[in-house]
>>> print(open('model_35.txt').read())   # compact mmCIF, C-alpha atoms and all ligand atoms
# COMPACT_ATOMS: atom_id res chain seq x y z
CA MET E 1 52.86 89.59 97.34
CA SER E 2 54.93 86.44 97.79
CA ALA E 3 56.36 85.65 101.23
CA ASP E 4 60.09 85.24 102.00
CA ILE E 5 59.33 82.49 104.49
CA ILE E 6 56.37 80.35 103.53
CA ASP E 7 54.75 79.57 106.84
CA LEU E 8 52.25 76.73 106.57
CA ARG E 9 52.35 75.67 110.22
CA SER E 10 48.91 77.06 111.01
CA ASP E 11 46.34 79.70 110.14
CA THR E 12 47.12 81.12 113.60
CA VAL E 13 50.29 82.69 112.14
CA THR E 14 48.33 85.28 110.14
CA LYS E 15 49.03 88.92 110.96
CA PRO E 16 46.32 91.62 111.02
CA SER E 17 46.08 93.58 107.77
CA ALA E 18 46.41 97.38 107.65
CA ALA E 19 42.62 97.73 107.37
CA MET E 20 42.08 95.46 110.39
CA ARG E 21 44.63 97.48 112.38
CA GLN E 22 42.71 100.65 111.48
CA ALA E 23 39.47 99.05 112.74
CA ILE E 24 41.29 98.19 115.98
CA PHE E 25 42.57 101.77 116.27
CA ASP E 26 39.11 103.26 115.69
CA ALA E 27 37.25 100.99 118.13
CA GLU E 28 35.00 102.47 120.79
CA VAL E 29 35.72 100.77 124.11
CA GLY E 30 34.41 100.41 127.67
CA ASP E 31 34.61 97.98 130.60
CA ASP E 32 33.45 94.64 129.22
CA MET E 33 33.19 93.06 132.70
CA SER E 34 30.45 95.61 133.40
CA GLY E 35 28.83 94.96 130.01
CA GLU E 36 29.93 98.45 128.90
CA ASP E 37 32.15 97.79 125.93
CA PRO E 38 30.00 98.81 122.94
CA THR E 39 32.17 97.02 120.38
CA VAL E 40 32.23 93.74 122.33
CA ASN E 41 28.45 94.02 122.79
CA ARG E 42 28.02 94.61 119.05
CA LEU E 43 30.18 91.59 118.20
CA GLU E 44 28.35 89.32 120.63
CA LYS E 45 24.95 90.33 119.23
CA MET E 46 26.19 90.00 115.66
CA VAL E 47 27.47 86.43 116.14
CA ALA E 48 24.49 85.31 118.23
CA ASP E 49 22.19 86.52 115.41
CA LEU E 50 24.36 84.90 112.76
CA LEU E 51 24.06 81.54 114.53
CA GLY E 52 20.40 81.97 115.49
CA LYS E 53 21.12 81.81 119.24
CA GLU E 54 20.14 84.02 122.18
CA ALA E 55 23.50 85.10 123.52
CA ALA E 56 27.28 85.09 123.10
CA VAL E 57 30.40 85.83 125.13
CA TYR E 58 33.70 87.05 123.66
CA ASN E 59 36.83 85.28 124.94
CA CYS E 60 40.61 85.18 124.66
CA SER E 61 41.00 81.83 122.94
CA GLY E 62 39.28 78.80 121.48
CA THR E 63 40.52 76.72 124.39
CA GLN E 64 38.91 79.13 126.81
CA SER E 65 35.56 79.06 124.96
CA ASN E 66 35.54 75.25 124.84
CA GLN E 67 36.41 74.88 128.51
CA MET E 68 33.78 77.45 129.50
CA ALA E 69 31.24 75.40 127.54
CA VAL E 70 32.25 72.17 129.32
CA ARG E 71 31.91 73.96 132.65
CA ALA E 72 28.58 75.55 131.72
CA HIS E 73 27.01 72.25 130.62
CA CYS E 74 28.50 69.81 133.15
CA GLN E 75 28.89 69.21 136.85
CA GLN E 76 31.90 67.66 138.60
CA GLY E 77 32.03 63.92 137.94
CA ASP E 78 30.15 64.13 134.63
CA GLU E 79 31.36 62.58 131.38
CA ILE E 80 31.56 63.94 127.85
CA LEU E 81 31.42 61.92 124.63
CA ILE E 82 34.00 63.06 122.08
CA ASP E 83 35.94 61.68 119.14
CA GLU E 84 39.37 60.33 120.10
CA SER E 85 41.02 62.99 117.88
CA GLY E 86 39.14 65.88 119.53
CA HIS E 87 40.96 69.10 120.43
CA ILE E 88 39.09 69.45 123.72
CA VAL E 89 40.39 66.16 125.02
CA ASN E 90 43.90 66.10 123.48
CA TYR E 91 45.22 69.65 123.20
CA GLU E 92 43.71 71.71 125.98
CA ALA E 93 46.09 70.73 128.77
CA GLY E 94 43.59 68.39 130.42
CA GLY E 95 41.28 71.36 131.01
CA ALA E 96 38.02 69.40 131.27
CA ALA E 97 39.44 67.32 134.14
CA ALA E 98 41.48 70.09 135.75
CA LEU E 99 38.94 72.92 135.58
CA SER E 100 35.60 71.13 135.66
CA GLY E 101 36.23 67.64 137.10
CA VAL E 102 34.87 66.09 133.91
CA SER E 103 36.07 62.86 132.26
CA ALA E 104 35.85 61.87 128.59
CA ARG E 105 34.61 58.73 126.86
CA LEU E 106 36.26 58.46 123.46
CA LEU E 107 34.43 57.69 120.24
CA HIS E 108 36.08 56.14 117.20
CA GLY E 109 34.74 58.12 114.28
CA LYS E 110 36.14 58.52 110.78
CA PHE E 111 38.25 61.65 110.18
CA GLY E 112 37.09 62.87 113.59
CA ILE E 113 33.43 62.67 112.54
CA PHE E 114 31.15 60.16 114.23
CA ASP E 115 27.57 59.01 113.77
CA VAL E 116 24.70 57.65 115.81
CA GLU E 117 26.12 54.08 115.60
CA ASP E 118 29.23 55.32 117.42
CA LEU E 119 27.07 56.84 120.16
CA GLU E 120 24.72 53.88 120.68
CA GLY E 121 25.29 52.30 124.10
CA LYS E 122 27.59 55.09 125.27
CA VAL E 123 25.14 56.82 127.62
CA ARG E 124 25.78 55.46 131.13
CA PRO E 125 22.78 53.91 132.90
CA ASP E 126 21.27 55.82 135.82
CA ASN E 127 23.01 53.89 138.58
CA GLN E 128 25.17 54.96 141.53
CA HIS E 129 28.19 53.13 140.06
CA TYR E 130 28.39 55.36 137.01
CA CYS E 131 29.20 58.93 136.20
CA VAL E 132 26.53 60.96 134.43
CA THR E 133 26.91 61.23 130.65
CA ARG E 134 26.13 64.88 129.96
CA LEU E 135 27.58 66.30 126.78
CA VAL E 136 28.44 65.36 123.20
CA CYS E 137 31.33 67.37 121.69
CA VAL E 138 31.55 67.81 117.93
CA GLU E 139 34.53 69.43 116.14
CA ASN E 140 33.91 71.19 112.81
CA THR E 141 36.13 71.27 110.84
CA THR E 142 38.02 68.46 112.49
CA ASN E 143 41.63 69.39 113.06
CA HIS E 144 43.59 66.21 113.72
CA GLY E 145 40.77 64.27 112.12
CA GLY E 146 42.01 65.71 108.82
CA GLY E 147 40.40 69.10 108.19
CA ARG E 148 37.08 67.47 107.37
CA ALA E 149 33.69 69.17 107.56
CA TRP E 150 30.61 67.54 109.08
CA PRO E 151 27.82 66.92 106.57
CA LEU E 152 24.67 68.72 107.76
CA ALA E 153 22.52 65.57 107.72
CA GLN E 154 25.01 63.75 109.95
CA MET E 155 25.07 66.65 112.41
CA ALA E 156 21.26 66.58 112.43
CA ARG E 157 21.27 62.84 113.24
CA VAL E 158 23.86 63.21 116.01
CA GLY E 159 22.29 66.36 117.46
CA ASN E 160 18.79 64.89 117.50
CA TRP E 161 20.01 61.62 118.97
CA ALA E 162 21.88 63.46 121.74
CA HIS E 163 18.85 65.57 122.62
CA GLU E 164 16.53 62.54 122.60
CA HIS E 165 18.92 60.95 125.13
CA GLY E 166 18.91 64.03 127.37
CA LEU E 167 22.42 65.14 126.41
CA LYS E 168 23.66 68.61 125.47
CA VAL E 169 25.71 69.24 122.34
CA HIS E 170 28.74 71.52 122.12
CA VAL E 171 30.42 72.32 118.80
CA ASP E 172 34.11 73.23 118.78
CA GLY E 173 33.78 75.37 115.68
CA ALA E 174 37.27 76.85 115.75
CA ARG E 175 37.03 76.64 111.94
CA LEU E 176 33.24 76.57 111.56
CA PHE E 177 33.23 79.05 108.67
CA ASN E 178 35.67 76.81 106.77
CA ALA E 179 33.24 73.93 107.30
CA ALA E 180 30.24 75.93 106.12
CA ILE E 181 32.07 76.96 102.96
CA ALA E 182 33.37 73.45 102.29
CA GLN E 183 29.92 71.84 102.69
CA GLY E 184 27.76 74.70 101.37
CA TYR E 185 25.56 75.24 104.43
CA THR E 186 25.16 78.31 106.64
CA VAL E 187 26.59 78.43 110.14
CA LYS E 188 23.03 78.97 111.36
CA ASP E 189 21.85 75.74 109.70
CA PHE E 190 24.61 73.86 111.47
CA ALA E 191 24.17 75.59 114.83
CA ARG E 192 20.50 74.53 114.95
CA TYR E 193 21.54 71.11 116.31
CA ALA E 194 23.90 72.46 118.98
CA ASP E 195 23.40 73.97 122.44
CA SER E 196 26.67 75.88 122.30
CA ILE E 197 29.22 76.69 119.61
CA SER E 198 32.71 78.18 119.89
CA ILE E 199 34.28 79.99 116.93
CA CYS E 200 37.87 81.26 116.63
CA PHE E 201 38.75 84.64 115.13
CA SER E 202 42.51 84.07 115.38
CA LYS E 203 42.71 81.34 112.73
CA GLY E 204 41.51 81.63 109.12
CA LEU E 205 39.70 84.87 109.90
CA GLY E 206 43.05 86.57 110.51
CA CYS E 207 42.58 88.32 113.88
CA PRO E 208 45.38 88.72 116.42
CA MET E 209 43.34 86.88 119.07
CA GLY E 210 39.84 86.01 120.21
CA SER E 211 37.05 83.49 120.14
CA ILE E 212 33.36 83.55 120.91
CA LEU E 213 30.99 81.14 122.64
CA VAL E 214 27.36 81.21 121.52
CA GLY E 215 24.26 79.54 122.98
CA ASP E 216 21.03 80.06 124.90
CA ALA E 217 20.94 82.78 127.56
CA GLY E 218 21.26 80.38 130.52
CA THR E 219 24.30 78.59 129.10
CA ILE E 220 26.06 81.85 128.31
CA TYR E 221 25.25 83.22 131.77
CA ARG E 222 26.97 80.21 133.36
CA ALA E 223 29.82 80.41 130.84
CA ARG E 224 30.46 84.07 131.77
CA ARG E 225 30.88 83.04 135.39
CA ALA E 226 33.33 80.33 134.25
CA ARG E 227 35.22 82.93 132.22
CA LYS E 228 35.73 84.96 135.38
CA LEU E 229 36.65 81.84 137.37
CA PHE E 230 39.24 80.81 134.75
CA GLY E 231 40.81 84.27 134.91
CA GLY E 232 39.74 85.33 131.43
CA ALA E 233 37.29 88.17 132.07
CA LEU E 234 38.02 91.20 129.91
CA ARG E 235 38.02 94.98 130.21
CA GLN E 236 38.52 97.27 127.16
CA ALA E 237 38.43 94.33 124.77
CA GLY E 238 36.61 96.34 122.10
CA MET E 239 39.84 96.81 120.20
CA MET E 240 40.12 93.07 119.61
CA ALA E 241 36.35 92.73 119.08
CA ALA E 242 36.66 95.37 116.33
CA ALA E 243 39.16 93.10 114.58
CA ALA E 244 36.64 90.25 114.82
CA ILE E 245 33.84 92.40 113.36
CA TYR E 246 36.17 93.43 110.54
CA ALA E 247 36.99 89.76 109.92
CA LEU E 248 33.33 88.72 109.80
CA GLU E 249 32.65 91.46 107.27
CA HIS E 250 35.70 90.90 105.05
CA ASN E 251 37.42 87.56 105.62
CA VAL E 252 34.73 84.88 105.56
CA ARG E 253 33.95 84.44 101.87
CA ARG E 254 37.63 84.51 100.96
CA LEU E 255 38.19 81.26 102.92
CA GLN E 256 37.30 79.54 99.64
CA ILE E 257 40.65 80.83 98.31
CA ASP E 258 42.45 79.01 101.17
CA HIS E 259 40.57 75.82 100.30
CA ASP E 260 41.49 76.17 96.61
CA ASN E 261 45.13 76.77 97.57
CA ALA E 262 45.05 73.65 99.77
CA GLN E 263 43.87 71.65 96.74
CA THR E 264 46.64 73.12 94.59
CA PHE E 265 49.27 72.16 97.16
CA ALA E 266 47.80 68.68 97.74
CA ARG E 267 47.68 67.90 94.02
CA ALA E 268 51.27 69.12 93.54
CA ILE E 269 52.78 67.07 96.38
CA ALA E 270 50.75 63.99 95.37
CA GLN E 271 53.15 63.71 92.39
CA ILE E 272 56.25 63.45 94.60
CA ASP E 273 57.96 60.13 95.14
CA GLY E 274 57.94 59.22 98.85
CA ILE E 275 54.98 61.46 99.73
CA LYS E 276 51.63 59.81 100.50
CA ILE E 277 48.45 61.82 100.33
CA HIS E 278 44.79 61.20 99.48
CA VAL E 279 43.87 64.40 97.67
CA GLU E 280 40.17 63.51 97.87
CA ASN E 281 40.40 63.77 101.68
CA VAL E 282 41.45 67.43 101.56
CA GLU E 283 38.27 69.35 102.15
CA SER E 284 39.26 72.66 103.76
CA ASN E 285 42.50 74.53 104.46
CA LEU E 286 44.29 71.66 106.23
CA VAL E 287 46.46 69.31 104.17
CA PHE E 288 47.67 66.18 105.96
CA PHE E 289 50.27 64.01 104.23
CA GLU E 290 52.85 61.37 105.09
CA VAL E 291 56.48 60.65 104.37
CA ALA E 292 57.09 57.02 103.36
CA SER E 293 58.88 55.38 106.30
CA ASP E 294 61.75 54.06 104.13
CA ARG E 295 62.59 57.69 103.22
CA GLY E 296 62.78 59.27 106.68
CA THR E 297 60.49 60.85 109.25
CA SER E 298 58.13 63.81 109.33
CA ALA E 299 60.53 65.65 111.66
CA GLN E 300 63.37 65.15 109.18
CA LEU E 301 61.33 66.50 106.27
CA SER E 302 60.21 69.42 108.43
CA ALA E 303 63.86 70.20 109.31
CA ARG E 304 64.93 70.11 105.65
CA LEU E 305 62.02 72.35 104.67
CA LEU E 306 62.98 74.84 107.36
CA GLU E 307 66.48 75.12 105.87
CA ARG E 308 64.72 76.12 102.63
CA ARG E 309 62.46 78.65 104.44
CA VAL E 310 59.29 76.58 104.32
CA LYS E 311 57.63 75.89 107.67
CA ILE E 312 55.46 72.78 107.95
CA ASN E 313 55.11 70.95 111.27
CA PRO E 314 54.91 67.21 111.85
CA SER E 315 51.65 65.96 113.30
CA GLY E 316 52.79 62.38 113.88
CA PRO E 317 55.94 60.28 113.32
CA GLN E 318 55.35 60.16 109.55
CA ARG E 319 52.49 62.66 109.23
CA LEU E 320 52.69 66.40 108.55
CA ARG E 321 50.08 69.12 108.38
CA ALA E 322 50.24 72.08 106.02
CA CYS E 323 47.71 74.82 106.59
CA THR E 324 46.76 77.47 104.04
CA HIS E 325 45.65 80.94 105.12
CA LEU E 326 45.29 84.54 104.08
CA ASP E 327 49.00 85.33 104.31
CA VAL E 328 50.04 82.77 101.64
CA THR E 329 49.28 82.88 97.92
CA LYS E 330 48.77 80.18 95.31
CA GLU E 331 52.31 80.97 94.06
CA ASP E 332 53.68 80.41 97.59
CA LEU E 333 51.93 77.04 97.71
CA LEU E 334 53.32 75.98 94.34
CA ARG E 335 56.81 77.07 95.43
CA ALA E 336 56.46 75.19 98.73
CA ALA E 337 55.44 72.04 96.82
CA GLU E 338 58.52 72.39 94.59
CA ILE E 339 60.70 72.68 97.70
CA VAL E 340 59.08 69.54 99.16
CA ARG E 341 60.01 67.81 95.88
CA ASP E 342 63.64 69.04 96.04
CA CYS E 343 63.97 67.91 99.66
CA MET E 344 62.56 64.46 98.95
CA GLU E 345 64.74 64.04 95.85
CA SER E 346 67.94 65.09 97.61
CA GLY E 347 67.10 62.88 100.63
CA ILE E 348 65.95 63.75 104.14
CA ALA E 349 67.24 60.75 106.11
CA GLN E 350 70.34 62.62 107.36
CA ALA E 351 68.37 65.63 108.58
CA ASN E 352 68.23 66.35 112.29
CA GLY E 353 64.61 66.82 113.24
CA SER E 354 65.37 67.25 116.92
CA HIS E 355 64.55 71.00 116.90
CA LEU E 356 60.92 69.87 117.10
CA ALA E 357 61.33 67.62 120.12
CA GLY E 358 58.63 68.15 122.70
CA SER E 359 56.38 70.33 120.58
CA ALA E 360 56.39 68.10 117.54
CA TYR E 361 52.76 67.10 117.44
CA ALA E 362 51.18 70.09 119.15
CA SER E 363 47.95 71.19 117.57
CA ARG E 364 46.77 74.66 116.67
C1 LIG E 401 39.75 72.48 116.54
C2 LIG E 401 40.36 73.45 117.50
N1 LIG E 401 39.70 73.77 118.61
C3 LIG E 401 40.20 74.64 119.50
C4 LIG E 401 41.42 75.24 119.30
C5 LIG E 401 41.97 76.15 120.36
O1 LIG E 401 42.15 77.46 119.96
P1 LIG E 401 43.16 78.41 120.76
O2 LIG E 401 44.51 78.11 120.22
O3 LIG E 401 42.67 79.79 120.40
O4 LIG E 401 43.05 78.12 122.19
C6 LIG E 401 42.15 74.93 118.15
C7 LIG E 401 43.46 75.55 117.93
O5 LIG E 401 44.28 75.01 117.30
C8 LIG E 401 41.61 74.02 117.21
O6 LIG E 401 42.26 73.67 116.12
>>> encode(input="model_35.txt", output="structure tokens")
Amino acid sequence: MSADIIDLRSDTVTKPSAAMRQAIFDAEVGDDMSGEDPTVNRLEKMVADLLGKEAAVYNCSGTQSNQMAVRAHCQQGDEILIDESGHIVNYEAGGAAALSGVSARLLHGKFGIFDVEDLEGKVRPDNQHYCVTRLVCVENTTNHGGGRAWPLAQMARVGNWAHEHGLKVHVDGARLFNAAIAQGYTVKDFARYADSISICFSKGLGCPMGSILVGDAGTIYRARRARKLFGGALRQAGMMAAAAIYALEHNVRRLQIDHDNAQTFARAIAQIDGIKIHVENVESNLVFFEVASDRGTSAQLSARLLERRVKINPSGPQRLRACTHLDVTKEDLLRAAEIVRDCMESGIAQANGSHLAGSAYASR
């Protein structure tokens, strides 16, 4: 069914299907804080097994899982190594500093993906002048890096290097299943090089909320304490865990459709005068493109599109991000591309993009 409004702002806008709502309704529940919610317990075991790790903890959000991981791996005053585009350091309200007293040293990778050369020399010497370098953070797929998936061999190099240098490795895998599908590896193959991995259920997997943090038993034990400390401990969360189980069983393989739709949209807008896009850089469900600066701004194009019932947010002064997901069809994407063409042909320079002020480049 085609949508009235074509909402390409994020895969977080997806609504639970009737079948997912039924799974939520049918869920057996208990007090998760006491380890008594059977559905949460089942989900945690299922994902830990899927990733080949000892334990998992179900959480409210991807931000919460990432910040619990930072807290579980680091002590106050420690430093993490992370790409400059990383979600953990840019879009989590300064959580690493505020919640864990941790600072970040930024790496300059390509599309948010870095390699051993970028890490060389970045571990602080053991000297009282320096903070302790503790953790390497990897994002897969990269969000602001461009929706790119880490090649497995590169993750192996980075993971092995980090471990040889006494560092831990956390993967922000908000869209890890998209990455696995794009690159043709299993999430277990990828997780082998990480000490902890967070995965979101509320994005391409189509759940109303939820994320999970996976790792060895000691890390997850410490992360559970951080979850309580950060105010995110749960009670009868089995209803939402049931949605996550449903998603793992029904919504993973179909992510390929979202990737195909992203390609369709990217190829269609590549033909439009005033739009700049490298189609070969589109690897998952995120399509980043630019408006030529002599034609207007990203906020102006976004405002014009909104008038035509297409929602695409700016992600920089000229840059926009369109995200495909399970609530938009190939036909919706082709229609959205036609509307981008109409807007560019009729001119966007007069549009008032100020409705986006303040939230313009927020990431989700
Ligand atoms: C790469 C990445 N990590 C983490 C998050 C945080 O997820 P949440 O919005 O559930 O806190 C997002 C959300 O946009 C994301 O894109």
>>> residues_around(input="model_35.txt", residues="segment 326-338 of chain E", least_positions_apart="5", cutoff="10 Å", atoms="all atoms listed in the file", output="ChimeraX atom specification")
/E:1-8,11,13-17,203-206,251,254-255,257-258,260-272,305,308-312,343-344
>>> residues_around(input="model_35.txt", residues="Asn140 of chain E", least_positions_apart="5", cutoff="10 Å", atoms="only C-alpha atoms", output="list in words")
Gly112, Ile113, Gly145, Gly147, Arg148, Ala149, Trp150, Pro151, Met155, Val171, Asp172, Gly173, Ala174, Arg175, Leu176, Phe177, Asn178, Ala179, Ala180, Phe190, Ile197 and Ile199 of chain E
>>> closest_atom_pairs(input="model_35.txt", of="chain E", to="ligand LIG 401 (chain E)", cutoff="6 Å", atoms="all atoms listed in the file", output="Markdown table")
| residue | atom | partner | partner_atom | distance |
| --- | --- | --- | --- | --- |
| E:Ser61 | CA | E:LIG401 | O3 | 3.7 |
| E:Gly62 | CA | E:LIG401 | O1 | 3.5 |
| E:Thr63 | CA | E:LIG401 | O4 | 3.6 |
| E:His87 | CA | E:LIG401 | N1 | 5.2 |
| E:Thr142 | CA | E:LIG401 | C1 | 6.0 |
| E:Asn143 | CA | E:LIG401 | C1 | 5.0 |
| E:Asp172 | CA | E:LIG401 | N1 | 5.6 |
| E:Ala174 | CA | E:LIG401 | N1 | 4.9 |
| E:Ser363 | CA | E:LIG401 | O5 | 5.3 |
| E:Arg364 | CA | E:LIG401 | O5 | 2.6 |
>>> write_last_selection(input="model_35.txt", atoms="C-alpha atoms", output="JSON list (two decimals), in the frame of the given file")
[["chain", "number", "residue", "atom", "x", "y", "z"],
["E", 61, "SER", "CA", 41.00, 81.83, 122.94],
["E", 62, "GLY", "CA", 39.28, 78.80, 121.48],
["E", 63, "THR", "CA", 40.52, 76.72, 124.39],
["E", 87, "HIS", "CA", 40.96, 69.10, 120.43],
["E", 142, "THR", "CA", 38.02, 68.46, 112.49],
["E", 143, "ASN", "CA", 41.63, 69.39, 113.06],
["E", 172, "ASP", "CA", 34.11, 73.23, 118.78],
["E", 174, "ALA", "CA", 37.27, 76.85, 115.75],
["E", 363, "SER", "CA", 47.95, 71.19, 117.57],
["E", 364, "ARG", "CA", 46.77, 74.66, 116.67]]
>>> residues_around(input="model_35.txt", residues="Asn352 of chain E", least_positions_apart="4", cutoff="8 Å", atoms="all atoms listed in the file", output="list in words")
Ala299, Gln300 and Ala303 of chain E
>>> closest_residue(input="model_35.txt", among="E:Ala242, E:Ile339, E:Cys200, E:Leu119", to="Asp26 of chain E", atoms="all atoms listed in the file")
E:Ala242
>>> atom_distance(input="model_35.txt", atom1="atom CA of Leu306 of chain E", atom2="atom CA of Glu280 of chain E")
27.2 Å
>>> residues_around(input="model_35.txt", residues="segment 42-56 of chain E", least_positions_apart="6", cutoff="9 Å", atoms="all atoms listed in the file", output="NGL selection string")
:E and (186-192 or 195-197 or 212-221 or 238 or 241-242 or 244-245 or 248)
>>> residues_near_point(input="model_35.txt", point="(32.2, 83.2, 135.0)", cutoff="12 Å", atoms="only C-alpha atoms", output="list of chain:residue names")
E:Met33, E:Val57, E:Asn59, E:Gln64, E:Ser65, E:Gln67, E:Met68, E:Ala69, E:Arg71, E:Ala72, E:Thr219, E:Ile220, E:Tyr221, E:Arg222, E:Ala223, E:Arg224, E:Arg225, E:Ala226, E:Arg227, E:Lys228, E:Leu229, E:Phe230, E:Gly231, E:Gly232, E:Ala233, E:Leu234
>>> atom_distance(input="model_35.txt", atom1="atom CA of Ile181 of chain E", atom2="atom CA of Thr141 of chain E")
10.5 Å
>>> atom_distance(input="model_35.txt", atom1="atom CA of Ala104 of chain E", atom2="atom CA of Ile80 of chain E")
4.8 Å
>>> closest_residue(input="model_35.txt", among="E:Ser10, E:Val138, E:Tyr246, E:Cys207", to="Leu320 of chain E", atoms="only C-alpha atoms")
E:Ser10
